[in-house]
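Below is work.csv, holding CSV, C-alpha atoms.
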chain,number,residue,atom,x,y,z
A,291,MET,CA,0.0,0.0,0.0
A,292,ILE,CA,1.2,3.5,-0.9
A,293,GLY,CA,0.0,6.4,1.2
A,294,ILE,CA,-0.7,9.7,-0.5
A,295,ILE,CA,-0.4,12.4,2.1
A,296,ASP,CA,-3.4,14.8,2.3
A,297,TYR,CA,-2.4,17.9,4.2
A,298,GLY,CA,-4.9,20.2,2.5
A,299,MET,CA,-2.8,21.2,-0.5
A,300,GLY,CA,-2.2,18.2,-2.6
A,301,ASN,CA,-3.1,17.2,-6.2
A,302,LEU,CA,-4.7,14.2,-4.7
A,303,GLY,CA,-7.3,13.4,-7.3
A,304,SER,CA,-4.9,13.1,-10.2
A,305,VAL,CA,-2.3,11.1,-8.2
A,306,THR,CA,-4.9,8.7,-6.9
A,307,ASN,CA,-6.4,8.3,-10.3
A,308,ALA,CA,-3.0,7.5,-11.8
A,309,PHE,CA,-2.5,4.6,-9.3
A,310,ARG,CA,-6.1,3.4,-9.9
A,311,PHE,CA,-5.5,3.4,-13.6
A,312,LEU,CA,-2.3,1.3,-13.0
A,313,GLU,CA,-4.4,-1.0,-10.7
A,314,LEU,CA,-1.9,-0.4,-7.9
A,315,GLU,CA,-3.1,-0.1,-4.3
A,316,ALA,CA,-2.8,3.4,-2.9
A,317,LYS,CA,-4.9,5.4,-0.4
A,318,ILE,CA,-5.1,9.0,0.8
A,319,ILE,CA,-4.0,9.4,4.4
A,320,THR,CA,-5.1,12.4,6.5
A,321,ARG,CA,-3.5,11.4,9.8
A,322,LYS,CA,0.1,10.3,10.7
A,323,GLN,CA,-1.3,7.2,12.3
A,324,GLU,CA,-2.4,5.9,8.9
A,325,MET,CA,1.2,5.8,7.8
A,326,ASP,CA,1.7,2.6,9.7
A,327,GLY,CA,-0.2,0.6,7.1
A,328,CYS,CA,1.9,1.9,4.2
A,329,ARG,CA,5.2,0.7,2.7
A,330,ALA,CA,5.8,4.0,0.8
A,331,LEU,CA,4.6,7.5,0.9
A,332,ILE,CA,3.9,10.2,-1.7
A,333,LEU,CA,4.1,13.9,-0.8
A,334,PRO,CA,2.2,15.8,-3.5
A,335,GLY,CA,1.6,19.5,-3.5
A,336,VAL,CA,0.4,22.6,-5.3
A,337,GLY,CA,0.5,26.2,-4.1
A,338,ALA,CA,2.9,28.2,-1.9
A,339,PHE,CA,5.9,26.9,0.1
A,340,GLY,CA,4.8,28.7,3.3
A,341,ASP,CA,1.3,27.4,3.1
A,342,CYS,CA,2.5,23.9,2.5
A,343,MET,CA,4.7,23.9,5.6
A,344,GLY,CA,2.0,25.5,7.6
A,345,HIS,CA,-0.4,22.7,6.7
A,346,LEU,CA,2.2,20.0,7.3
A,347,VAL,CA,2.8,21.4,10.8
A,348,GLU,CA,-1.0,21.8,11.5
A,349,HIS,CA,-1.6,18.2,10.4
A,350,ASP,CA,1.3,17.0,12.6
A,351,PHE,CA,3.1,15.4,9.6
A,352,VAL,CA,6.5,17.1,9.9
A,353,GLY,CA,8.0,14.9,12.6
A,354,ALA,CA,6.3,11.8,11.2
A,355,ILE,CA,7.8,12.3,7.7
A,356,LYS,CA,11.3,12.8,9.2
A,357,ASP,CA,10.9,9.7,11.3
A,358,TRP,CA,9.7,7.8,8.2
A,359,THR,CA,12.7,8.8,6.0
A,360,ASP,CA,15.2,8.3,8.9
A,361,ALA,CA,13.9,4.7,9.1
A,362,GLY,CA,14.9,4.2,5.5
A,363,LYS,CA,11.3,4.0,4.2
A,364,PRO,CA,10.6,5.1,0.6
A,365,LEU,CA,9.2,8.7,0.0
A,366,MET,CA,8.4,10.4,-3.3
A,367,GLY,CA,7.8,14.1,-3.5
A,368,ILE,CA,5.9,15.7,-6.5
A,369,CYS,CA,6.2,19.4,-7.4
A,370,LEU,CA,5.7,21.4,-4.2
A,371,GLY,CA,6.3,18.1,-2.5
A,372,LEU,CA,9.9,18.2,-3.9
A,373,GLN,CA,10.5,21.8,-2.8
A,374,ALA,CA,9.2,21.0,0.8
A,375,LEU,CA,12.0,18.5,1.2
A,376,PHE,CA,14.6,21.3,1.3
A,377,LYS,CA,15.6,23.7,4.0
A,378,SER,CA,14.0,26.9,2.7
A,379,SER,CA,12.5,28.8,-0.2
A,380,GLU,CA,12.7,32.3,-1.6
A,381,GLU,CA,8.9,32.1,-1.9
A,382,SER,CA,8.5,32.2,1.9
A,383,PRO,CA,11.5,33.8,3.7
A,384,GLY,CA,11.8,32.6,7.2
A,385,VAL,CA,9.8,29.5,6.8
A,386,GLU,CA,11.6,26.2,7.5
A,387,GLY,CA,11.2,23.3,5.1
A,388,LEU,CA,11.4,19.7,6.1
A,389,GLY,CA,15.2,19.9,5.7
A,390,LEU,CA,15.5,16.2,4.5
A,391,LEU,CA,17.8,17.3,1.7
A,392,PRO,CA,20.4,20.1,1.9
A,393,GLY,CA,19.7,23.0,-0.4
A,394,THR,CA,17.3,25.8,-1.1
A,395,VAL,CA,14.5,26.7,-3.5
A,396,LYS,CA,14.8,29.7,-5.8
A,397,ARG,CA,12.5,31.7,-8.1
A,398,PHE,CA,13.2,31.7,-11.8
A,399,ASP,CA,15.0,34.9,-12.9
A,400,LEU,CA,14.7,34.6,-16.7
A,401,PRO,CA,14.7,36.8,-19.8
A,402,ARG,CA,11.3,38.4,-20.5
A,403,GLU,CA,10.5,36.1,-23.4
A,404,LEU,CA,10.4,33.1,-21.1
A,405,LYS,CA,7.2,33.2,-19.1
A,406,VAL,CA,7.1,32.4,-15.3
A,407,PRO,CA,5.6,30.2,-14.2
A,408,GLN,CA,6.8,27.6,-16.7
A,409,ILE,CA,3.7,25.7,-17.8
A,410,GLY,CA,3.7,22.8,-20.1
A,411,TRP,CA,5.9,20.0,-21.4
A,412,ASN,CA,9.7,19.9,-21.2
A,413,ARG,CA,12.5,17.4,-21.4
A,414,MET,CA,14.2,15.7,-18.5
A,415,VAL,CA,17.8,14.8,-19.1
A,416,GLU,CA,18.8,11.8,-16.9
A,417,VAL,CA,21.8,12.7,-14.7
A,418,GLN,CA,21.7,9.4,-12.9
A,419,PRO,CA,20.6,6.9,-15.5
A,420,ASP,CA,20.9,4.0,-13.0
A,421,CYS,CA,18.0,5.6,-10.9
A,422,PRO,CA,15.4,2.8,-10.6
A,423,MET,CA,12.6,5.3,-11.3
A,424,PHE,CA,13.9,5.8,-14.8
A,425,GLU,CA,13.7,2.1,-15.8
A,426,GLY,CA,12.0,1.8,-19.2
A,427,ILE,CA,11.9,5.6,-19.7
A,428,ASP,CA,14.0,7.1,-22.5
A,429,ASP,CA,16.4,9.8,-21.7
A,430,ARG,CA,15.1,13.3,-22.6
A,431,SER,CA,11.5,12.2,-22.3
A,432,PHE,CA,8.9,15.0,-21.9
A,433,PHE,CA,7.1,15.6,-18.6
A,434,TYR,CA,4.5,18.1,-17.6
A,435,LEU,CA,5.5,21.1,-15.4
A,436,VAL,CA,3.8,24.0,-13.7
A,437,HIS,CA,6.1,26.0,-11.4
A,438,SER,CA,7.8,29.4,-10.7
A,439,TYR,CA,10.5,28.0,-8.3
A,440,TYR,CA,13.1,25.3,-8.6
A,441,VAL,CA,15.4,23.5,-6.2
A,442,VAL,CA,19.1,24.1,-5.8
A,443,PRO,CA,20.6,21.1,-4.0
A,444,ASP,CA,23.9,21.8,-2.1
A,445,SER,CA,25.4,18.6,-3.5
A,446,PRO,CA,25.3,17.7,-7.2
A,447,ASP,CA,25.1,14.0,-6.1
A,448,LEU,CA,21.4,14.6,-5.3
A,449,VAL,CA,20.5,15.6,-8.9
A,450,ALA,CA,18.9,12.7,-10.7
A,451,GLY,CA,17.5,14.7,-13.6
A,452,LYS,CA,17.8,18.2,-15.2
A,453,THR,CA,15.6,20.4,-17.3
A,454,GLU,CA,16.5,23.4,-19.4
A,455,TYR,CA,14.3,26.5,-19.2
A,456,GLY,CA,16.5,29.5,-19.6
A,457,ILE,CA,18.9,27.8,-17.2
A,458,ASP,CA,19.7,24.1,-16.5
A,459,TYR,CA,17.9,23.4,-13.3
A,460,CYS,CA,17.4,20.3,-11.1
A,461,SER,CA,14.0,18.7,-11.9
A,462,CYS,CA,14.5,15.4,-10.2
A,463,VAL,CA,16.4,14.3,-7.1
A,464,TRP,CA,17.3,10.9,-5.7
A,465,LYS,CA,19.0,10.1,-2.4
A,466,GLU,CA,18.8,6.6,-0.9
A,467,ASN,CA,15.1,6.2,0.0
A,468,ILE,CA,14.0,9.7,-1.2
A,469,PHE,CA,13.0,10.4,-4.8
A,470,ALA,CA,11.2,13.5,-5.9
A,471,THR,CA,10.3,15.4,-9.1
A,472,GLN,CA,9.5,19.0,-10.0
A,473,PHE,CA,7.3,17.7,-12.8
A,474,HIS,CA,4.0,15.9,-12.4
A,475,PRO,CA,4.3,12.2,-13.3
A,476,GLU,CA,0.6,11.8,-12.8
A,477,LYS,CA,-0.1,14.3,-15.6
A,478,SER,CA,2.7,13.1,-17.9
A,479,GLN,CA,0.9,10.4,-19.8
A,480,ALA,CA,2.7,7.1,-20.5
A,481,VAL,CA,6.2,8.1,-19.2
A,482,GLY,CA,4.8,9.5,-16.0
A,483,LEU,CA,2.7,6.4,-15.4
A,484,ARG,CA,5.7,4.3,-15.9
A,485,MET,CA,7.6,6.3,-13.4
A,486,LEU,CA,4.9,5.8,-10.8
A,487,ARG,CA,4.9,2.1,-11.5
A,488,ASN,CA,8.7,2.1,-11.1
A,489,PHE,CA,8.3,3.8,-7.7
A,490,TRP,CA,5.8,1.1,-6.7
A,491,ASN,CA,8.2,-1.7,-7.8
A,492,TRP,CA,11.2,0.0,-6.1
A,493,SER,CA,9.3,0.4,-2.9
A,494,GLU,CA,8.5,-3.3,-2.8
A,495,LYS,CA,12.2,-4.0,-2.6
A,496,GLN,CA,13.1,-1.5,0.1

Starting from the file, give its structure as structure tokens.
Amino acid sequence: MIGIIDYGMGNLGSVTNAFRFLELEAKIITRKQEMDGCRALILPGVGAFGDCMGHLVEHDFVGAIKDWTDAGKPLMGICLGLQALFKSSEESPGVEGLGLLPGTVKRFDLPRELKVPQIGWNRMVEVQPDCPMFEGIDDRSFFYLVHSYYVVPDSPDLVAGKTEYGIDYCSCVWKENIFATQFHPEKSQAVGLRMLRNFWNWSEKQ
């Protein structure tokens, strides 16, 4: 069972529907106690960094998520769920992120001809081709993105995939039991569904 964390700000419907389409067992969890019945977690998210962290604190998920990853259990972040894994964001100065990964979140500062937010399809270049979530997915495949901010990990070893939009930025991270994407696999058609299935398969082995 994969638990999809509901803290009041997630793209829960599309993520849940993707797993249902794949005929894989997943459920929305609203309380940390429900994590006990899961073998892996997904942290989705849309909206602002500060609101996200406020809701995670309010729903008592912050400590529970840190304990989960400290125990080596699989976690996947999506979009804002990726950004929340880092220490801080320019979007919400003074607000602490989960701090599971070292680094920060920055706003795009791009030429005027490039619109912010970036909305639409763009390529992901595989930086770590051995990442199990890339199995069966061609390098430079297109994924769907909607975002104004991007993560800047302190260590290049965290970067699993990059995307070019005025700059080359990190669009995918992988460290041990933590995997996360800036793009939306659940909205990225066949390649995104394959990535979610890969996460399912990978979590079975952890």

Counting all atoms listed in the file, which residues of stretch 335-448 of chain A fall within 10 Å of stretch 304-328 of chain A, and what is the closest atom pair for each with its distance in Å at one decimal, ordered by chain and rising number, as a tab-separated table?
residue	atom	partner	partner_atom	distance
A:His349	CA	A:Arg321	CA	7.1
A:Asp350	CA	A:Lys322	CA	7.1
A:Phe351	CA	A:Lys322	CA	6.0
A:Val352	CA	A:Lys322	CA	9.4
A:Gly353	CA	A:Lys322	CA	9.3
A:Ala354	CA	A:Lys322	CA	6.4
A:Ile355	CA	A:Lys322	CA	8.5
A:Trp358	CA	A:Met325	CA	8.7
A:Lys363	CA	A:Cys328	CA	9.6
A:Pro364	CA	A:Cys328	CA	9.9
A:Ile368	CA	A:Val305	CA	9.6

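Among the candidates A:Leu483, A:Leu400, A:Leu391, A:Val415, the one nearest to A:Leu448 when counting all atoms listed in the file is A:Leu391.
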
Counting all atoms listed in the file, give me one row per residue of stretch 329-390 of chain A with an atom at most 12 Å from an atom of stretch 454-473 of chain A, showing the shortest contact pair and its distance in Å to one decimal, sorted by chain then residue number, as CSV.
residue,atom,partner,partner_atom,distance
A:Arg329,CA,A:Asn467,CA,11.6
A:Ala330,CA,A:Asn467,CA,9.6
A:Leu331,CA,A:Ile468,CA,9.9
A:Ile332,CA,A:Ala470,CA,9.0
A:Leu333,CA,A:Ala470,CA,8.8
A:Pro334,CA,A:Ala470,CA,9.6
A:Gly335,CA,A:Gln472,CA,10.2
A:Val336,CA,A:Gln472,CA,10.9
A:Ile355,CA,A:Ile468,CA,11.2
A:Lys356,CA,A:Ile468,CA,11.2
A:Trp358,CA,A:Asn467,CA,9.9
A:Thr359,CA,A:Asn467,CA,7.0
A:Asp360,CA,A:Asn467,CA,9.1
A:Ala361,CA,A:Asn467,CA,9.3
A:Gly362,CA,A:Asn467,CA,5.9
A:Lys363,CA,A:Asn467,CA,6.1
A:Pro364,CA,A:Asn467,CA,4.7
A:Leu365,CA,A:Ile468,CA,5.0
A:Met366,CA,A:Phe469,CA,4.8
A:Gly367,CA,A:Ala470,CA,4.2
A:Ile368,CA,A:Thr471,CA,5.1
A:Cys369,CA,A:Gln472,CA,4.2
A:Leu370,CA,A:Gln472,CA,7.3
A:Gly371,CA,A:Ala470,CA,7.5
A:Leu372,CA,A:Ala470,CA,5.3
A:Gln373,CA,A:Gln472,CA,7.8
A:Ala374,CA,A:Ala470,CA,10.3
A:Leu375,CA,A:Ala470,CA,8.7
A:Phe376,CA,A:Val463,CA,11.1
A:Leu390,CA,A:Ile468,CA,8.8

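Atom to atom, atom CA of A:Pro419 and atom CA of A:Phe432 stand 15.6 Å apart.
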
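For the pair atom CA of A:Asp447 and atom CA of A:Thr394, the interatomic distance is 15.0 Å.
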
Point to revise | Surrounding residues of stretch 382-385 of chain A excluding itself and chain neighbours under 6 positions, 9 Å, all atoms listed in the file, as a PyMOL selection string | key: chain A and resi 338-341+343-344

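Here atom CA of A:Asn488 stands at a distance of 6.8 Å from atom CA of A:Pro422.
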
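Using all atoms listed in the file, the nearest neighbour of A:Trp490 within the list A:Lys477, A:Glu348, A:Ser378, A:Met423 is A:Met423.
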
**Study point:** A:Lys405 environment, 12 Å, all atoms listed in the file, sequence neighbours closer than 4 positions dropped, as number ranges by chain
**Key:** A: 398-401, 409-410, 436-438, 455-456
